[in-house]
Amino acid sequence: MKLFLKYLWTNRRTVLMLVVCAVIFCVVFWLYHIPFDTVLYAFVLSAVICGIAAVVRFSRWKQRYLQRARMMQAPPLVQDPLPEPDHPAEAQYQEMLQNLRGLYTEQVNRAEQERTDSSDYFTQWVHQIKTPVSVMRMMLQSEDTDEHRALQTELFRIEQYAEMALAYTRLDSSTRDLVIRETPLDPVIRAAIRKYAPLFIRKKIRLVYDGTDAAALMDEKWVRFILEQLLSNAVKYTDSGAVTVTVSGQAIRIADTGKGIAPEDLPRIFEKGYTGKLGRADQQATGIGLYLCKKAADRLNIRLTAESEYGKGSAFTLYLNADTQTFE
């Protein structure tokens with residue numbers, strides 16, 4: 001019924017013209033005193049013919065309307081044929097749509113190629129920069145001094161930023177090298193801890209981790225990336241105390257005794273570029289690390305949550321099984 005009413009509204013001018021013509025004929029027949037039976041016969045005959053024509057036209061209109069509705073629900077690049085045009089104006093509109101579709105496809109392909117080229121460039125850049133970084137690290141390790149240890153810390157940060165740039169590009173790419181398989185959690189956690197061990201030692205922060213026998217269905221590389229970013233934030237904003245890594249089932253929690261997150265900042269910490277109160281105090285904060293963590297977690301269907309008490313510390317929990325609701 002709704003479609004029929006929409007059809008009548010679409011053809012309202014034609015319907016109005018038919019009504020006006022019917023009124024004119026009735027007035028003329030009345031003025032010339034034509035018998036009512038004759039008028040009724042002509043009216044019924046005309047109504048039957050117009051009704052049959054209306055049913056046929058409505059059937060064709062409904063078929064074309066539903067076809068266009070299906071096309072609107074389909075992906076934009078699906079090359080479904082358009083309905084046959086009823087008149088030259090519609091044919092022109094369809095030709096314009098085909099031209100726009102061709103331009104859209106060309107732009108999408110060009111953008112995808114640019115993203116691929118950018119990802120390839122960053123991958124090559126990260127691999128190339130590792131060579132001079134390794135050489136500088138070897139040179140700094142030749143002598144154990146406070147100055148050299150400080151330079152090694154800054155060199156480590158350069159590596160971290162390079163890896164973040166590479167991860168940023170890969171996460172935005174439509175082709176991601178995901179390898180989902182059952183993986184033991186302990187080696188992944190220990191690898192992330194070993195990477196940041198020098199920073200914990202330098203800042204004299206205690207790290208607590210008792211190990212685990214748990215395993216989970218996950219992508220090892222990206223889960224390790226998330227853990228490394230969370231450990232990086234933990235050691236960065238903790239001046240004293242400890243960072244504790246706890247595993248419960250298929251959930252990993254990283255808690256610290258650092259500066260914590262302001263209550264007004266907590267709902268927005270995963271937004272791109274948002275640094276919050278602590279970030280504005282620390283001029284070097286970029287607001288990208290937690291954004292990448294959340295984006296990677298979403299790609300892997302992993303739930304990432306944050307809890308914090310300002311001035312007392314924060315806790316981030318990675319639920320490798322998204323159906324898990326609480327950390328025990």
# chains A, B, ... in the order shown; residues from 1 in each chain; ligands from 1
call {"tool": "residues_around", "arguments": {"residues": "range 229-246 of chain A", "least_positions_apart": "4", "cutoff": "6 Å", "atoms": "only C-alpha atoms", "output": "PyMOL selection string"}}
result
chain A and resi 205-209+252-259
call {"tool": "residues_around", "arguments": {"residues": "range 117-120 of chain A", "least_positions_apart": "2", "cutoff": "8 Å", "atoms": "only C-alpha atoms", "output": "PyMOL selection string"}}
result
chain A and resi 113-115+122-124+166+169-170+173
call {"tool": "residues_around", "arguments": {"residues": "range 180-189 of chain A", "least_positions_apart": "6", "cutoff": "7 Å", "atoms": "only C-alpha atoms", "output": "PyMOL selection string"}}
result
chain A and resi 211-220+224
call {"tool": "write_last_selection", "arguments": {"atoms": "N, CA and C atoms", "output": "PDB file, in the first residue's frame"}}
result
ATOM      1  N   GLY A 211      54.301 -15.358  35.568  1.00  0.00           N
ATOM      2  CA  GLY A 211      54.198 -16.361  34.515  1.00  0.00           C
ATOM      3  C   GLY A 211      52.792 -16.927  34.408  1.00  0.00           C
ATOM      4  N   THR A 212      52.547 -17.653  33.306  1.00  0.00           N
ATOM      5  CA  THR A 212      51.230 -18.241  33.085  1.00  0.00           C
ATOM      6  C   THR A 212      51.345 -19.406  32.110  1.00  0.00           C
ATOM      7  N   ASP A 213      50.428 -20.344  32.240  1.00  0.00           N
ATOM      8  CA  ASP A 213      50.345 -21.478  31.307  1.00  0.00           C
ATOM      9  C   ASP A 213      49.199 -21.303  30.318  1.00  0.00           C
ATOM     10  N   ALA A 214      48.529 -20.163  30.359  1.00  0.00           N
ATOM     11  CA  ALA A 214      47.352 -19.946  29.509  1.00  0.00           C
ATOM     12  C   ALA A 214      47.752 -19.760  28.053  1.00  0.00           C
ATOM     13  N   ALA A 215      46.807 -20.019  27.178  1.00  0.00           N
ATOM     14  CA  ALA A 215      46.977 -19.801  25.744  1.00  0.00           C
ATOM     15  C   ALA A 215      45.696 -19.189  25.202  1.00  0.00           C
ATOM     16  N   ALA A 216      45.800 -18.562  24.042  1.00  0.00           N
ATOM     17  CA  ALA A 216      44.625 -17.909  23.456  1.00  0.00           C
ATOM     18  C   ALA A 216      44.740 -17.918  21.939  1.00  0.00           C
ATOM     19  N   LEU A 217      43.584 -17.848  21.297  1.00  0.00           N
ATOM     20  CA  LEU A 217      43.525 -17.745  19.844  1.00  0.00           C
ATOM     21  C   LEU A 217      43.739 -16.284  19.474  1.00  0.00           C
ATOM     22  N   MET A 218      44.880 -15.960  18.864  1.00  0.00           N
ATOM     23  CA  MET A 218      45.214 -14.551  18.644  1.00  0.00           C
ATOM     24  C   MET A 218      46.304 -14.430  17.591  1.00  0.00           C
ATOM     25  N   ASP A 219      46.584 -13.184  17.206  1.00  0.00           N
ATOM     26  CA  ASP A 219      47.729 -12.867  16.352  1.00  0.00           C
ATOM     27  C   ASP A 219      48.870 -12.422  17.266  1.00  0.00           C
ATOM     28  N   GLU A 220      49.923 -13.222  17.327  1.00  0.00           N
ATOM     29  CA  GLU A 220      51.003 -12.995  18.290  1.00  0.00           C
ATOM     30  C   GLU A 220      51.667 -11.637  18.112  1.00  0.00           C
ATOM     31  N   ARG A 224      51.462  -8.641  20.922  1.00  0.00           N
ATOM     32  CA  ARG A 224      52.723  -8.192  21.528  1.00  0.00           C
ATOM     33  C   ARG A 224      52.892  -6.683  21.339  1.00  0.00           C
TER      34      ARG A 224
END
call {"tool": "select_by_dssp", "arguments": {"residues": "range 191-264 of chain A", "states": "strand (DSSP E)", "output": "PyMOL selection string"}}
result
chain A and resi 206-208+215-219+242-248+251-256
call {"tool": "write_last_selection", "arguments": {"atoms": "C-alpha atoms", "output": "CSV table (one decimal), in the first residue's frame"}}
result
chain,number,residue,atom,x,y,z
A,206,ARG,CA,59.9,-3.1,40.1
A,207,LEU,CA,58.1,-5.3,37.6
A,208,VAL,CA,55.9,-8.1,38.9
A,215,ALA,CA,47.0,-19.8,25.7
A,216,ALA,CA,44.6,-17.9,23.5
A,217,LEU,CA,43.5,-17.7,19.8
A,218,MET,CA,45.2,-14.6,18.6
A,219,ASP,CA,47.7,-12.9,16.4
A,242,ALA,CA,55.9,-1.2,40.5
A,243,VAL,CA,54.3,-2.4,37.3
A,244,THR,CA,52.3,-5.6,37.7
A,245,VAL,CA,51.4,-7.9,34.8
A,246,THR,CA,48.6,-10.4,35.7
A,247,VAL,CA,46.9,-13.1,33.6
A,248,SER,CA,43.5,-14.5,34.4
A,251,ALA,CA,42.8,-11.7,29.9
A,252,ILE,CA,46.0,-9.8,30.6
A,253,ARG,CA,46.1,-6.8,32.9
A,254,ILE,CA,49.0,-4.3,33.2
A,255,ALA,CA,48.7,-2.2,36.3
A,256,ASP,CA,51.1,0.5,37.5
call {"tool": "closest_residue", "arguments": {"among": "A:Ala315, A:Val19, A:Lys62, A:Cys26", "to": "Cys50 in chain A", "atoms": "only C-alpha atoms"}}
result
A:Val19
call {"tool": "atom_distance", "arguments": {"atom1": "CA of Tyr93 in chain A", "atom2": "CA of Arg64 in chain A"}}
result
14.9 Å
call {"tool": "residues_around", "arguments": {"residues": "Cys293 in chain A", "least_positions_apart": "3", "cutoff": "10 Å", "atoms": "only C-alpha atoms", "output": "VMD selection string"}}
result
chain A and resid 167 222 to 223 225 to 230 270 288 to 290 296 to 299 304 318
call {"tool": "residues_around", "arguments": {"residues": "range 3-5 of chain A", "least_positions_apart": "6", "cutoff": "12 Å", "atoms": "only C-alpha atoms", "output": "PyMOL selection string"}}
result
chain A and resi 11-12+54-55+57-66
call {"tool": "write_last_selection", "arguments": {"atoms": "N, CA and C atoms", "output": "PDB file, in the first residue's frame"}}
result
ATOM      1  N   ASN A  11       3.282  10.292  -9.571  1.00  0.00           N
ATOM      2  CA  ASN A  11       2.538  10.639 -10.792  1.00  0.00           C
ATOM      3  C   ASN A  11       1.357  11.570 -10.485  1.00  0.00           C
ATOM      4  N   ARG A  12       1.528  12.406  -9.472  1.00  0.00           N
ATOM      5  CA  ARG A  12       0.430  13.264  -9.037  1.00  0.00           C
ATOM      6  C   ARG A  12      -0.022  14.232 -10.119  1.00  0.00           C
ATOM      7  N   ALA A  54      -3.074   1.766 -15.475  1.00  0.00           N
ATOM      8  CA  ALA A  54      -2.421   2.125 -14.212  1.00  0.00           C
ATOM      9  C   ALA A  54      -1.804   0.906 -13.542  1.00  0.00           C
ATOM     10  N   VAL A  55      -2.506  -0.246 -13.580  1.00  0.00           N
ATOM     11  CA  VAL A  55      -1.963  -1.475 -12.979  1.00  0.00           C
ATOM     12  C   VAL A  55      -0.689  -1.910 -13.694  1.00  0.00           C
ATOM     13  N   ARG A  57       1.368  -0.005 -15.482  1.00  0.00           N
ATOM     14  CA  ARG A  57       2.435   0.966 -15.211  1.00  0.00           C
ATOM     15  C   ARG A  57       2.939   0.833 -13.773  1.00  0.00           C
ATOM     16  N   PHE A  58       2.023   0.592 -12.836  1.00  0.00           N
ATOM     17  CA  PHE A  58       2.455   0.430 -11.434  1.00  0.00           C
ATOM     18  C   PHE A  58       3.324  -0.817 -11.268  1.00  0.00           C
ATOM     19  N   SER A  59       2.951  -1.884 -11.962  1.00  0.00           N
ATOM     20  CA  SER A  59       3.745  -3.112 -11.883  1.00  0.00           C
ATOM     21  C   SER A  59       5.166  -2.870 -12.382  1.00  0.00           C
ATOM     22  N   ARG A  60       5.298  -2.197 -13.506  1.00  0.00           N
ATOM     23  CA  ARG A  60       6.626  -1.883 -14.040  1.00  0.00           C
ATOM     24  C   ARG A  60       7.380  -0.927 -13.116  1.00  0.00           C
ATOM     25  N   TRP A  61       6.667   0.076 -12.591  1.00  0.00           N
ATOM     26  CA  TRP A  61       7.296   1.046 -11.682  1.00  0.00           C
ATOM     27  C   TRP A  61       7.783   0.359 -10.410  1.00  0.00           C
ATOM     28  N   LYS A  62       6.977  -0.553  -9.849  1.00  0.00           N
ATOM     29  CA  LYS A  62       7.353  -1.271  -8.634  1.00  0.00           C
ATOM     30  C   LYS A  62       8.583  -2.132  -8.871  1.00  0.00           C
ATOM     31  N   GLN A  63       8.636  -2.819 -10.004  1.00  0.00           N
ATOM     32  CA  GLN A  63       9.789  -3.664 -10.322  1.00  0.00           C
ATOM     33  C   GLN A  63      11.064  -2.833 -10.416  1.00  0.00           C
ATOM     34  N   ARG A  64      10.994  -1.709 -11.070  1.00  0.00           N
ATOM     35  CA  ARG A  64      12.162  -0.837 -11.217  1.00  0.00           C
ATOM     36  C   ARG A  64      12.538  -0.211  -9.871  1.00  0.00           C
ATOM     37  N   TYR A  65      11.521   0.133  -9.066  1.00  0.00           N
ATOM     38  CA  TYR A  65      11.789   0.730  -7.747  1.00  0.00           C
ATOM     39  C   TYR A  65      12.527  -0.257  -6.848  1.00  0.00           C
ATOM     40  N   LEU A  66      12.069  -1.511  -6.815  1.00  0.00           N
ATOM     41  CA  LEU A  66      12.725  -2.528  -5.989  1.00  0.00           C
ATOM     42  C   LEU A  66      14.126  -2.841  -6.506  1.00  0.00           C
TER      43      LEU A  66
END
call {"tool": "atom_distance", "arguments": {"atom1": "CA of Thr145 in chain A", "atom2": "CA of Tyr196 in chain A"}}
result
19.4 Å
call {"tool": "select_by_dssp", "arguments": {"residues": "range 127-214 of chain A", "states": "helix (DSSP H, G or I)", "output": "ChimeraX atom specification"}}
result
/A:127-141,146-172,185-203
call {"tool": "write_last_selection", "arguments": {"atoms": "C-alpha atoms", "output": "PDB file, in the first residue's frame"}}
result
ATOM      1  CA  HIS A 127      64.221  -1.705   8.132  1.00  0.00           C
ATOM      2  CA  GLN A 128      66.786   0.762   6.824  1.00  0.00           C
ATOM      3  CA  ILE A 129      66.855   2.874   9.972  1.00  0.00           C
ATOM      4  CA  LYS A 130      67.523  -0.212  12.092  1.00  0.00           C
ATOM      5  CA  THR A 131      71.051  -0.441  10.685  1.00  0.00           C
ATOM      6  CA  PRO A 132      72.343   2.959  11.901  1.00  0.00           C
ATOM      7  CA  VAL A 133      70.444   2.493  15.175  1.00  0.00           C
ATOM      8  CA  SER A 134      72.173  -0.854  15.750  1.00  0.00           C
ATOM      9  CA  VAL A 135      75.558   0.690  14.961  1.00  0.00           C
ATOM     10  CA  MET A 136      74.950   3.550  17.414  1.00  0.00           C
ATOM     11  CA  ARG A 137      73.857   1.102  20.102  1.00  0.00           C
ATOM     12  CA  MET A 138      77.048  -0.916  19.690  1.00  0.00           C
ATOM     13  CA  MET A 139      79.097   2.267  19.932  1.00  0.00           C
ATOM     14  CA  LEU A 140      77.278   3.341  23.102  1.00  0.00           C
ATOM     15  CA  GLN A 141      77.715  -0.081  24.692  1.00  0.00           C
ATOM     16  CA  ASP A 146      75.551   7.641  32.650  1.00  0.00           C
ATOM     17  CA  GLU A 147      75.705   9.659  29.463  1.00  0.00           C
ATOM     18  CA  HIS A 148      75.819   6.550  27.277  1.00  0.00           C
ATOM     19  CA  ARG A 149      72.927   4.944  29.165  1.00  0.00           C
ATOM     20  CA  ALA A 150      70.867   8.095  28.669  1.00  0.00           C
ATOM     21  CA  LEU A 151      71.671   8.073  24.953  1.00  0.00           C
ATOM     22  CA  GLN A 152      70.694   4.406  24.738  1.00  0.00           C
ATOM     23  CA  THR A 153      67.328   5.295  26.249  1.00  0.00           C
ATOM     24  CA  GLU A 154      66.759   7.992  23.636  1.00  0.00           C
ATOM     25  CA  LEU A 155      67.871   5.572  20.918  1.00  0.00           C
ATOM     26  CA  PHE A 156      65.322   3.069  22.177  1.00  0.00           C
ATOM     27  CA  ARG A 157      62.622   5.732  21.902  1.00  0.00           C
ATOM     28  CA  ILE A 158      63.617   6.369  18.281  1.00  0.00           C
ATOM     29  CA  GLU A 159      63.118   2.677  17.521  1.00  0.00           C
ATOM     30  CA  GLN A 160      59.776   2.729  19.291  1.00  0.00           C
ATOM     31  CA  TYR A 161      58.526   5.709  17.278  1.00  0.00           C
ATOM     32  CA  ALA A 162      59.661   4.057  14.044  1.00  0.00           C
ATOM     33  CA  GLU A 163      57.720   0.909  14.893  1.00  0.00           C
ATOM     34  CA  MET A 164      54.657   2.990  15.786  1.00  0.00           C
ATOM     35  CA  ALA A 165      54.821   4.701  12.386  1.00  0.00           C
ATOM     36  CA  LEU A 166      54.966   1.317  10.674  1.00  0.00           C
ATOM     37  CA  ALA A 167      52.079  -0.019  12.771  1.00  0.00           C
ATOM     38  CA  TYR A 168      50.015   3.107  11.996  1.00  0.00           C
ATOM     39  CA  THR A 169      50.418   2.521   8.268  1.00  0.00           C
ATOM     40  CA  ARG A 170      49.680  -1.195   8.447  1.00  0.00           C
ATOM     41  CA  LEU A 171      46.555  -0.732  10.536  1.00  0.00           C
ATOM     42  CA  ASP A 172      45.156   1.703   7.958  1.00  0.00           C
ATOM     43  CA  LEU A 185      50.687 -16.185  26.385  1.00  0.00           C
ATOM     44  CA  ASP A 186      53.822 -16.502  28.524  1.00  0.00           C
ATOM     45  CA  PRO A 187      56.438 -16.169  25.718  1.00  0.00           C
ATOM     46  CA  VAL A 188      54.602 -13.178  24.234  1.00  0.00           C
ATOM     47  CA  ILE A 189      54.400 -11.367  27.573  1.00  0.00           C
ATOM     48  CA  ARG A 190      58.021 -12.115  28.468  1.00  0.00           C
ATOM     49  CA  ALA A 191      59.214 -10.861  25.072  1.00  0.00           C
ATOM     50  CA  ALA A 192      57.409  -7.545  25.625  1.00  0.00           C
ATOM     51  CA  ILE A 193      58.838  -7.289  29.154  1.00  0.00           C
ATOM     52  CA  ARG A 194      62.409  -7.987  27.986  1.00  0.00           C
ATOM     53  CA  LYS A 195      62.157  -5.195  25.454  1.00  0.00           C
ATOM     54  CA  TYR A 196      61.393  -2.628  28.159  1.00  0.00           C
ATOM     55  CA  ALA A 197      63.563  -4.157  30.890  1.00  0.00           C
ATOM     56  CA  PRO A 198      66.353  -1.525  30.455  1.00  0.00           C
ATOM     57  CA  LEU A 199      63.849   1.276  31.077  1.00  0.00           C
ATOM     58  CA  PHE A 200      62.532  -0.420  34.218  1.00  0.00           C
ATOM     59  CA  ILE A 201      66.084  -0.857  35.467  1.00  0.00           C
ATOM     60  CA  ARG A 202      67.031   2.718  34.644  1.00  0.00           C
ATOM     61  CA  LYS A 203      64.021   4.158  36.487  1.00  0.00           C
TER      62      LYS A 203
END
